[in-house]
Amino acid sequence: MFEDDFNIEDLDRLIPIVDRLMQSGTLTEEEKWAVDQSCRAASDLLFIRHSETAKAFYAHPDIEERCASSIREWLVENSGAKPGTVTAICGRMHVASYDLDGNLGLYPFRDS
């Protein structure tokens, strides 16, 4: 669906350029329409790509273990995290907190 060199972070560069182009006063109404439609199509493709990636991820039979493994890895990599730190893991928002034994843990608080 996307070229190998596609990088979502390129949008950080692209968006201001498109904004300047649209506000430049050099485009005809038809050209503005074409740019707008192209941006909408790109947005739709990104949504489709994300949906397909999510479907493939959640289709794994071991999804629960993958999520538990991701949480364990996060806790090791962020062992000094402060309570209240929020992160997304496996499509769910988690907050860092200490349990009654003083161990840092991640606890889901909202479905994405």
# chains A, B, ... in the order shown; residues from 1 in each chain; ligands from 1
$ residues_around --residues "segment 101-103 of chain A" --least-positions-apart "2" --cutoff "12 Å" --atoms "only C-alpha atoms" --output "PyMOL selection string"
chain A and resi 75-76+79-83+96-99+105-106
$ select_by_dssp --residues "chain A" --states "alpha helix (DSSP H)" --output "ChimeraX atom specification"
/A:11-23,29-58,63-77
$ closest_residue --among "A:Ile15, A:Cys90, A:Leu45, A:Ala54" --to "Arg66 of chain A" --atoms "only C-alpha atoms"
A:Cys90
$ atom_distance --atom1 "atom CA of Ala59 of chain A" --atom2 "atom CA of Arg72 of chain A"
21.1 Å
$ residues_around --residues "Thr53 of chain A" --least-positions-apart "5" --cutoff "12 Å" --atoms "only C-alpha atoms" --output "tab-separated table (two decimals) with all heavy atoms, in the first residue's frame"
chain	number	residue	atom	x	y	z
A	1	MET	N	0.82	-1.19	0.00
A	1	MET	CA	0.00	0.00	0.00
A	1	MET	C	0.87	1.26	0.00
A	1	MET	O	0.54	2.25	-0.60
A	1	MET	CB	-0.93	-0.02	1.20
A	1	MET	CG	-1.82	1.19	1.28
A	1	MET	SD	-2.92	1.21	2.70
A	1	MET	CE	-3.81	-0.31	2.48
A	46	LEU	N	-3.80	6.21	5.22
A	46	LEU	CA	-3.14	6.01	6.52
A	46	LEU	C	-4.08	5.30	7.49
A	46	LEU	O	-3.66	4.41	8.25
A	46	LEU	CB	-2.67	7.33	7.10
A	46	LEU	CG	-1.44	7.93	6.45
A	46	LEU	CD1	-1.19	9.34	6.98
A	46	LEU	CD2	-0.23	7.06	6.70
A	47	PHE	N	-5.34	5.68	7.49
A	47	PHE	CA	-6.32	5.03	8.36
A	47	PHE	C	-6.45	3.55	7.99
A	47	PHE	O	-6.46	2.68	8.86
A	47	PHE	CB	-7.67	5.73	8.26
A	47	PHE	CG	-8.73	5.05	9.07
A	47	PHE	CD1	-8.79	5.22	10.45
A	47	PHE	CD2	-9.65	4.20	8.46
A	47	PHE	CE1	-9.76	4.57	11.21
A	47	PHE	CE2	-10.61	3.56	9.21
A	47	PHE	CZ	-10.67	3.74	10.59
A	48	ILE	N	-6.53	3.26	6.70
A	48	ILE	CA	-6.64	1.87	6.25
A	48	ILE	C	-5.40	1.09	6.65
A	48	ILE	O	-5.50	-0.03	7.15
A	48	ILE	CB	-6.87	1.82	4.72
A	48	ILE	CG1	-8.25	2.37	4.38
A	48	ILE	CG2	-6.69	0.39	4.20
A	48	ILE	CD1	-8.46	2.64	2.90
A	58	TYR	N	-3.76	-7.97	16.36
A	58	TYR	CA	-4.71	-8.57	17.29
A	58	TYR	C	-5.19	-9.95	16.85
A	58	TYR	O	-5.83	-10.66	17.63
A	58	TYR	CB	-5.90	-7.64	17.54
A	58	TYR	CG	-5.49	-6.46	18.37
A	58	TYR	CD1	-5.37	-5.20	17.83
A	58	TYR	CD2	-5.17	-6.62	19.71
A	58	TYR	CE1	-4.98	-4.12	18.60
A	58	TYR	CE2	-4.77	-5.56	20.50
A	58	TYR	CZ	-4.67	-4.30	19.93
A	58	TYR	OH	-4.26	-3.25	20.69
A	59	ALA	N	-4.86	-10.37	15.63
A	59	ALA	CA	-5.24	-11.70	15.16
A	59	ALA	C	-4.30	-12.78	15.69
A	59	ALA	O	-4.61	-13.97	15.60
A	59	ALA	CB	-5.25	-11.73	13.64
A	60	HIS	N	-3.17	-12.40	16.24
A	60	HIS	CA	-2.22	-13.39	16.76
A	60	HIS	C	-2.87	-14.15	17.92
A	60	HIS	O	-3.47	-13.56	18.81
A	60	HIS	CB	-0.94	-12.72	17.25
A	60	HIS	CG	-0.09	-12.22	16.15
A	60	HIS	ND1	0.72	-13.05	15.40
A	60	HIS	CD2	0.08	-10.98	15.64
A	60	HIS	CE1	1.36	-12.34	14.50
A	60	HIS	NE2	0.98	-11.08	14.62
A	90	CYS	N	-0.27	-2.10	23.52
A	90	CYS	CA	-1.26	-2.98	22.88
A	90	CYS	C	-2.61	-2.28	22.70
A	90	CYS	O	-3.66	-2.88	22.91
A	90	CYS	CB	-1.41	-4.27	23.67
A	90	CYS	SG	0.06	-5.30	23.60
A	91	GLY	N	-2.58	-1.02	22.36
A	91	GLY	CA	-3.80	-0.30	22.07
A	91	GLY	C	-4.60	0.13	23.29
A	91	GLY	O	-5.72	0.59	23.16
$ atom_distance --atom1 "atom CA of Asn78 of chain A" --atom2 "atom CA of Leu11 of chain A"
28.5 Å
$ select_by_dssp --residues "chain A" --states "strand (DSSP E)" --output "PyMOL selection string"
chain A and resi 86-89+92-98+104-111
$ closest_residue --among "A:Gln37, A:Ser43, A:Arg20, A:Ile89" --to "Ser69 of chain A" --atoms "only C-alpha atoms"
A:Ile89
$ atom_distance --atom1 "atom CA of Phe109 of chain A" --atom2 "atom CA of Ser70 of chain A"
16.4 Å
$ residues_around --residues "Val18 of chain A" --least-positions-apart "2" --cutoff "12 Å" --atoms "only C-alpha atoms" --output "NGL selection string"
:A and (11-16 or 20-24 or 27 or 32 or 34-36 or 38-39)
$ write_last_selection --atoms "N, CA, C and O atoms" --output "short mmCIF file (atom, residue, chain, number, x, y, z; two decimals), in the first residue's frame"
data_model
loop_
_atom_site.label_atom_id
_atom_site.label_comp_id
_atom_site.auth_asym_id
_atom_site.auth_seq_id
_atom_site.Cartn_x
_atom_site.Cartn_y
_atom_site.Cartn_z
N LEU A 11 5.24 13.47 7.62
CA LEU A 11 4.07 14.35 7.66
C LEU A 11 4.36 15.62 8.45
O LEU A 11 3.78 16.67 8.16
N ASP A 12 5.25 15.53 9.43
CA ASP A 12 5.62 16.73 10.19
C ASP A 12 6.24 17.78 9.28
O ASP A 12 6.10 18.98 9.52
N ARG A 13 6.93 17.35 8.24
CA ARG A 13 7.50 18.28 7.27
C ARG A 13 6.50 18.66 6.20
O ARG A 13 6.47 19.80 5.73
N LEU A 14 5.67 17.71 5.82
CA LEU A 14 4.75 17.92 4.70
C LEU A 14 3.61 18.87 5.03
O LEU A 14 3.26 19.74 4.23
N ILE A 15 3.04 18.74 6.20
CA ILE A 15 1.85 19.53 6.55
C ILE A 15 2.10 21.04 6.45
O ILE A 15 1.31 21.75 5.82
N PRO A 16 3.19 21.58 7.03
CA PRO A 16 3.39 23.03 6.90
C PRO A 16 3.61 23.47 5.44
O PRO A 16 3.19 24.56 5.06
N ARG A 20 1.30 26.22 3.57
CA ARG A 20 1.84 27.42 2.89
C ARG A 20 1.38 27.47 1.44
O ARG A 20 1.02 28.53 0.94
N LEU A 21 1.40 26.33 0.79
CA LEU A 21 0.97 26.26 -0.60
C LEU A 21 -0.49 26.67 -0.74
O LEU A 21 -0.84 27.48 -1.60
N MET A 22 -1.32 26.15 0.15
CA MET A 22 -2.75 26.46 0.07
C MET A 22 -3.02 27.94 0.36
O MET A 22 -3.96 28.51 -0.17
N GLN A 23 -2.21 28.55 1.21
CA GLN A 23 -2.40 29.95 1.59
C GLN A 23 -1.61 30.92 0.71
O GLN A 23 -1.70 32.13 0.89
N SER A 24 -0.85 30.41 -0.24
CA SER A 24 0.05 31.25 -1.03
C SER A 24 -0.65 32.20 -1.98
O SER A 24 -0.07 33.19 -2.40
N LEU A 27 -2.45 29.30 -6.18
CA LEU A 27 -3.21 28.17 -6.71
C LEU A 27 -4.60 28.61 -7.17
O LEU A 27 -5.23 29.45 -6.54
N LYS A 32 -6.44 24.05 -5.68
CA LYS A 32 -6.69 23.90 -4.24
C LYS A 32 -7.55 22.67 -3.98
O LYS A 32 -7.29 21.91 -3.04
N ALA A 34 -7.72 20.01 -5.82
CA ALA A 34 -6.91 18.81 -6.08
C ALA A 34 -5.97 18.52 -4.91
O ALA A 34 -5.83 17.36 -4.50
N VAL A 35 -5.35 19.54 -4.35
CA VAL A 35 -4.47 19.35 -3.19
C VAL A 35 -5.29 18.84 -2.01
O VAL A 35 -4.90 17.90 -1.32
N ASP A 36 -6.44 19.44 -1.78
CA ASP A 36 -7.31 19.02 -0.68
C ASP A 36 -7.73 17.56 -0.84
O ASP A 36 -7.67 16.78 0.11
N SER A 38 -6.20 15.23 -2.53
CA SER A 38 -5.01 14.37 -2.36
C SER A 38 -4.69 14.17 -0.89
O SER A 38 -4.36 13.06 -0.46
N CYS A 39 -4.79 15.23 -0.11
CA CYS A 39 -4.54 15.12 1.33
C CYS A 39 -5.58 14.23 2.00
O CYS A 39 -5.25 13.42 2.88
#
$ decode --residues "segment 33-65 of chain A" --atoms "N, CA, C and O atoms" --output "PDB file, in the first residue's frame"
ATOM      1  N   TRP A  33      -8.564  22.477  -4.798  1.00  0.00           N
ATOM      2  CA  TRP A  33      -9.428  21.316  -4.654  1.00  0.00           C
ATOM      3  C   TRP A  33      -8.610  20.034  -4.820  1.00  0.00           C
ATOM      4  O   TRP A  33      -8.764  19.088  -4.047  1.00  0.00           O
ATOM      5  N   ALA A  34      -7.722  20.005  -5.818  1.00  0.00           N
ATOM      6  CA  ALA A  34      -6.908  18.809  -6.080  1.00  0.00           C
ATOM      7  C   ALA A  34      -5.972  18.517  -4.908  1.00  0.00           C
ATOM      8  O   ALA A  34      -5.834  17.361  -4.497  1.00  0.00           O
ATOM      9  N   VAL A  35      -5.353  19.544  -4.348  1.00  0.00           N
ATOM     10  CA  VAL A  35      -4.474  19.351  -3.188  1.00  0.00           C
ATOM     11  C   VAL A  35      -5.295  18.840  -2.012  1.00  0.00           C
ATOM     12  O   VAL A  35      -4.896  17.896  -1.317  1.00  0.00           O
ATOM     13  N   ASP A  36      -6.444  19.444  -1.777  1.00  0.00           N
ATOM     14  CA  ASP A  36      -7.311  19.021  -0.677  1.00  0.00           C
ATOM     15  C   ASP A  36      -7.725  17.558  -0.841  1.00  0.00           C
ATOM     16  O   ASP A  36      -7.669  16.780   0.113  1.00  0.00           O
ATOM     17  N   GLN A  37      -8.134  17.181  -2.035  1.00  0.00           N
ATOM     18  CA  GLN A  37      -8.549  15.796  -2.280  1.00  0.00           C
ATOM     19  C   GLN A  37      -7.386  14.825  -2.100  1.00  0.00           C
ATOM     20  O   GLN A  37      -7.556  13.728  -1.566  1.00  0.00           O
ATOM     21  N   SER A  38      -6.195  15.226  -2.529  1.00  0.00           N
ATOM     22  CA  SER A  38      -5.010  14.373  -2.362  1.00  0.00           C
ATOM     23  C   SER A  38      -4.686  14.166  -0.886  1.00  0.00           C
ATOM     24  O   SER A  38      -4.360  13.056  -0.459  1.00  0.00           O
ATOM     25  N   CYS A  39      -4.793  15.230  -0.109  1.00  0.00           N
ATOM     26  CA  CYS A  39      -4.541  15.121   1.334  1.00  0.00           C
ATOM     27  C   CYS A  39      -5.583  14.226   2.002  1.00  0.00           C
ATOM     28  O   CYS A  39      -5.252  13.418   2.878  1.00  0.00           O
ATOM     29  N   ARG A  40      -6.831  14.354   1.580  1.00  0.00           N
ATOM     30  CA  ARG A  40      -7.884  13.497   2.145  1.00  0.00           C
ATOM     31  C   ARG A  40      -7.640  12.034   1.791  1.00  0.00           C
ATOM     32  O   ARG A  40      -7.809  11.147   2.629  1.00  0.00           O
ATOM     33  N   ALA A  41      -7.227  11.784   0.560  1.00  0.00           N
ATOM     34  CA  ALA A  41      -6.956  10.405   0.133  1.00  0.00           C
ATOM     35  C   ALA A  41      -5.782   9.827   0.930  1.00  0.00           C
ATOM     36  O   ALA A  41      -5.826   8.670   1.364  1.00  0.00           O
ATOM     37  N   ALA A  42      -4.745  10.632   1.139  1.00  0.00           N
ATOM     38  CA  ALA A  42      -3.597  10.168   1.930  1.00  0.00           C
ATOM     39  C   ALA A  42      -4.024   9.842   3.350  1.00  0.00           C
ATOM     40  O   ALA A  42      -3.601   8.837   3.931  1.00  0.00           O
ATOM     41  N   SER A  43      -4.870  10.680   3.916  1.00  0.00           N
ATOM     42  CA  SER A  43      -5.367  10.446   5.264  1.00  0.00           C
ATOM     43  C   SER A  43      -6.174   9.144   5.326  1.00  0.00           C
ATOM     44  O   SER A  43      -6.017   8.348   6.261  1.00  0.00           O
ATOM     45  N   ASP A  44      -7.019   8.923   4.336  1.00  0.00           N
ATOM     46  CA  ASP A  44      -7.804   7.690   4.284  1.00  0.00           C
ATOM     47  C   ASP A  44      -6.901   6.468   4.172  1.00  0.00           C
ATOM     48  O   ASP A  44      -7.134   5.451   4.825  1.00  0.00           O
ATOM     49  N   LEU A  45      -5.850   6.565   3.351  1.00  0.00           N
ATOM     50  CA  LEU A  45      -4.919   5.446   3.201  1.00  0.00           C
ATOM     51  C   LEU A  45      -4.180   5.157   4.509  1.00  0.00           C
ATOM     52  O   LEU A  45      -3.961   3.995   4.861  1.00  0.00           O
ATOM     53  N   LEU A  46      -3.801   6.209   5.222  1.00  0.00           N
ATOM     54  CA  LEU A  46      -3.142   6.006   6.516  1.00  0.00           C
ATOM     55  C   LEU A  46      -4.076   5.301   7.490  1.00  0.00           C
ATOM     56  O   LEU A  46      -3.657   4.414   8.249  1.00  0.00           O
ATOM     57  N   PHE A  47      -5.339   5.679   7.493  1.00  0.00           N
ATOM     58  CA  PHE A  47      -6.317   5.030   8.357  1.00  0.00           C
ATOM     59  C   PHE A  47      -6.449   3.553   7.991  1.00  0.00           C
ATOM     60  O   PHE A  47      -6.460   2.680   8.863  1.00  0.00           O
ATOM     61  N   ILE A  48      -6.529   3.263   6.703  1.00  0.00           N
ATOM     62  CA  ILE A  48      -6.644   1.874   6.253  1.00  0.00           C
ATOM     63  C   ILE A  48      -5.402   1.092   6.653  1.00  0.00           C
ATOM     64  O   ILE A  48      -5.502  -0.035   7.152  1.00  0.00           O
ATOM     65  N   ARG A  49      -4.239   1.691   6.457  1.00  0.00           N
ATOM     66  CA  ARG A  49      -2.988   1.016   6.825  1.00  0.00           C
ATOM     67  C   ARG A  49      -2.977   0.710   8.319  1.00  0.00           C
ATOM     68  O   ARG A  49      -2.617  -0.387   8.741  1.00  0.00           O
ATOM     69  N   HIS A  50      -3.360   1.675   9.124  1.00  0.00           N
ATOM     70  CA  HIS A  50      -3.399   1.462  10.567  1.00  0.00           C
ATOM     71  C   HIS A  50      -4.378   0.349  10.919  1.00  0.00           C
ATOM     72  O   HIS A  50      -4.080  -0.519  11.750  1.00  0.00           O
ATOM     73  N   SER A  51      -5.549   0.355  10.303  1.00  0.00           N
ATOM     74  CA  SER A  51      -6.554  -0.671  10.578  1.00  0.00           C
ATOM     75  C   SER A  51      -6.047  -2.060  10.225  1.00  0.00           C
ATOM     76  O   SER A  51      -6.244  -3.023  10.980  1.00  0.00           O
ATOM     77  N   GLU A  52      -5.393  -2.177   9.085  1.00  0.00           N
ATOM     78  CA  GLU A  52      -4.858  -3.471   8.666  1.00  0.00           C
ATOM     79  C   GLU A  52      -3.754  -3.942   9.607  1.00  0.00           C
ATOM     80  O   GLU A  52      -3.684  -5.116   9.957  1.00  0.00           O
ATOM     81  N   THR A  53      -2.900  -3.027  10.025  1.00  0.00           N
ATOM     82  CA  THR A  53      -1.831  -3.374  10.964  1.00  0.00           C
ATOM     83  C   THR A  53      -2.418  -3.830  12.290  1.00  0.00           C
ATOM     84  O   THR A  53      -1.991  -4.831  12.870  1.00  0.00           O
ATOM     85  N   ALA A  54      -3.423  -3.113  12.771  1.00  0.00           N
ATOM     86  CA  ALA A  54      -4.061  -3.470  14.037  1.00  0.00           C
ATOM     87  C   ALA A  54      -4.753  -4.829  13.929  1.00  0.00           C
ATOM     88  O   ALA A  54      -4.650  -5.652  14.844  1.00  0.00           O
ATOM     89  N   LYS A  55      -5.449  -5.070  12.819  1.00  0.00           N
ATOM     90  CA  LYS A  55      -6.120  -6.360  12.641  1.00  0.00           C
ATOM     91  C   LYS A  55      -5.112  -7.505  12.678  1.00  0.00           C
ATOM     92  O   LYS A  55      -5.335  -8.516  13.331  1.00  0.00           O
ATOM     93  N   ALA A  56      -3.999  -7.322  11.970  1.00  0.00           N
ATOM     94  CA  ALA A  56      -2.967  -8.364  11.944  1.00  0.00           C
ATOM     95  C   ALA A  56      -2.376  -8.578  13.332  1.00  0.00           C
ATOM     96  O   ALA A  56      -2.155  -9.709  13.762  1.00  0.00           O
ATOM     97  N   PHE A  57      -2.149  -7.505  14.051  1.00  0.00           N
ATOM     98  CA  PHE A  57      -1.571  -7.604  15.391  1.00  0.00           C
ATOM     99  C   PHE A  57      -2.501  -8.356  16.331  1.00  0.00           C
ATOM    100  O   PHE A  57      -2.103  -9.288  17.032  1.00  0.00           O
ATOM    101  N   TYR A  58      -3.764  -7.967  16.356  1.00  0.00           N
ATOM    102  CA  TYR A  58      -4.707  -8.572  17.289  1.00  0.00           C
ATOM    103  C   TYR A  58      -5.186  -9.955  16.853  1.00  0.00           C
ATOM    104  O   TYR A  58      -5.825 -10.661  17.631  1.00  0.00           O
ATOM    105  N   ALA A  59      -4.857 -10.372  15.634  1.00  0.00           N
ATOM    106  CA  ALA A  59      -5.235 -11.699  15.164  1.00  0.00           C
ATOM    107  C   ALA A  59      -4.299 -12.784  15.692  1.00  0.00           C
ATOM    108  O   ALA A  59      -4.613 -13.966  15.605  1.00  0.00           O
ATOM    109  N   HIS A  60      -3.167 -12.404  16.237  1.00  0.00           N
ATOM    110  CA  HIS A  60      -2.224 -13.391  16.763  1.00  0.00           C
ATOM    111  C   HIS A  60      -2.866 -14.155  17.920  1.00  0.00           C
ATOM    112  O   HIS A  60      -3.467 -13.557  18.811  1.00  0.00           O
ATOM    113  N   PRO A  61      -2.716 -15.474  17.911  1.00  0.00           N
ATOM    114  CA  PRO A  61      -3.316 -16.265  18.981  1.00  0.00           C
ATOM    115  C   PRO A  61      -2.680 -15.998  20.350  1.00  0.00           C
ATOM    116  O   PRO A  61      -3.298 -16.237  21.376  1.00  0.00           O
ATOM    117  N   ASP A  62      -1.478 -15.466  20.345  1.00  0.00           N
ATOM    118  CA  ASP A  62      -0.777 -15.226  21.611  1.00  0.00           C
ATOM    119  C   ASP A  62      -0.797 -13.751  22.006  1.00  0.00           C
ATOM    120  O   ASP A  62       0.110 -13.272  22.676  1.00  0.00           O
ATOM    121  N   ILE A  63      -1.851 -13.042  21.630  1.00  0.00           N
ATOM    122  CA  ILE A  63      -1.908 -11.603  21.862  1.00  0.00           C
ATOM    123  C   ILE A  63      -1.791 -11.261  23.342  1.00  0.00           C
ATOM    124  O   ILE A  63      -1.130 -10.284  23.711  1.00  0.00           O
ATOM    125  N   GLU A  64      -2.401 -12.039  24.203  1.00  0.00           N
ATOM    126  CA  GLU A  64      -2.323 -11.741  25.637  1.00  0.00           C
ATOM    127  C   GLU A  64      -0.886 -11.817  26.119  1.00  0.00           C
ATOM    128  O   GLU A  64      -0.439 -10.980  26.898  1.00  0.00           O
ATOM    129  N   GLU A  65      -0.157 -12.839  25.664  1.00  0.00           N
ATOM    130  CA  GLU A  65       1.246 -12.972  26.074  1.00  0.00           C
ATOM    131  C   GLU A  65       2.091 -11.846  25.487  1.00  0.00           C
ATOM    132  O   GLU A  65       2.976 -11.323  26.143  1.00  0.00           O
TER     133      GLU A  65
END
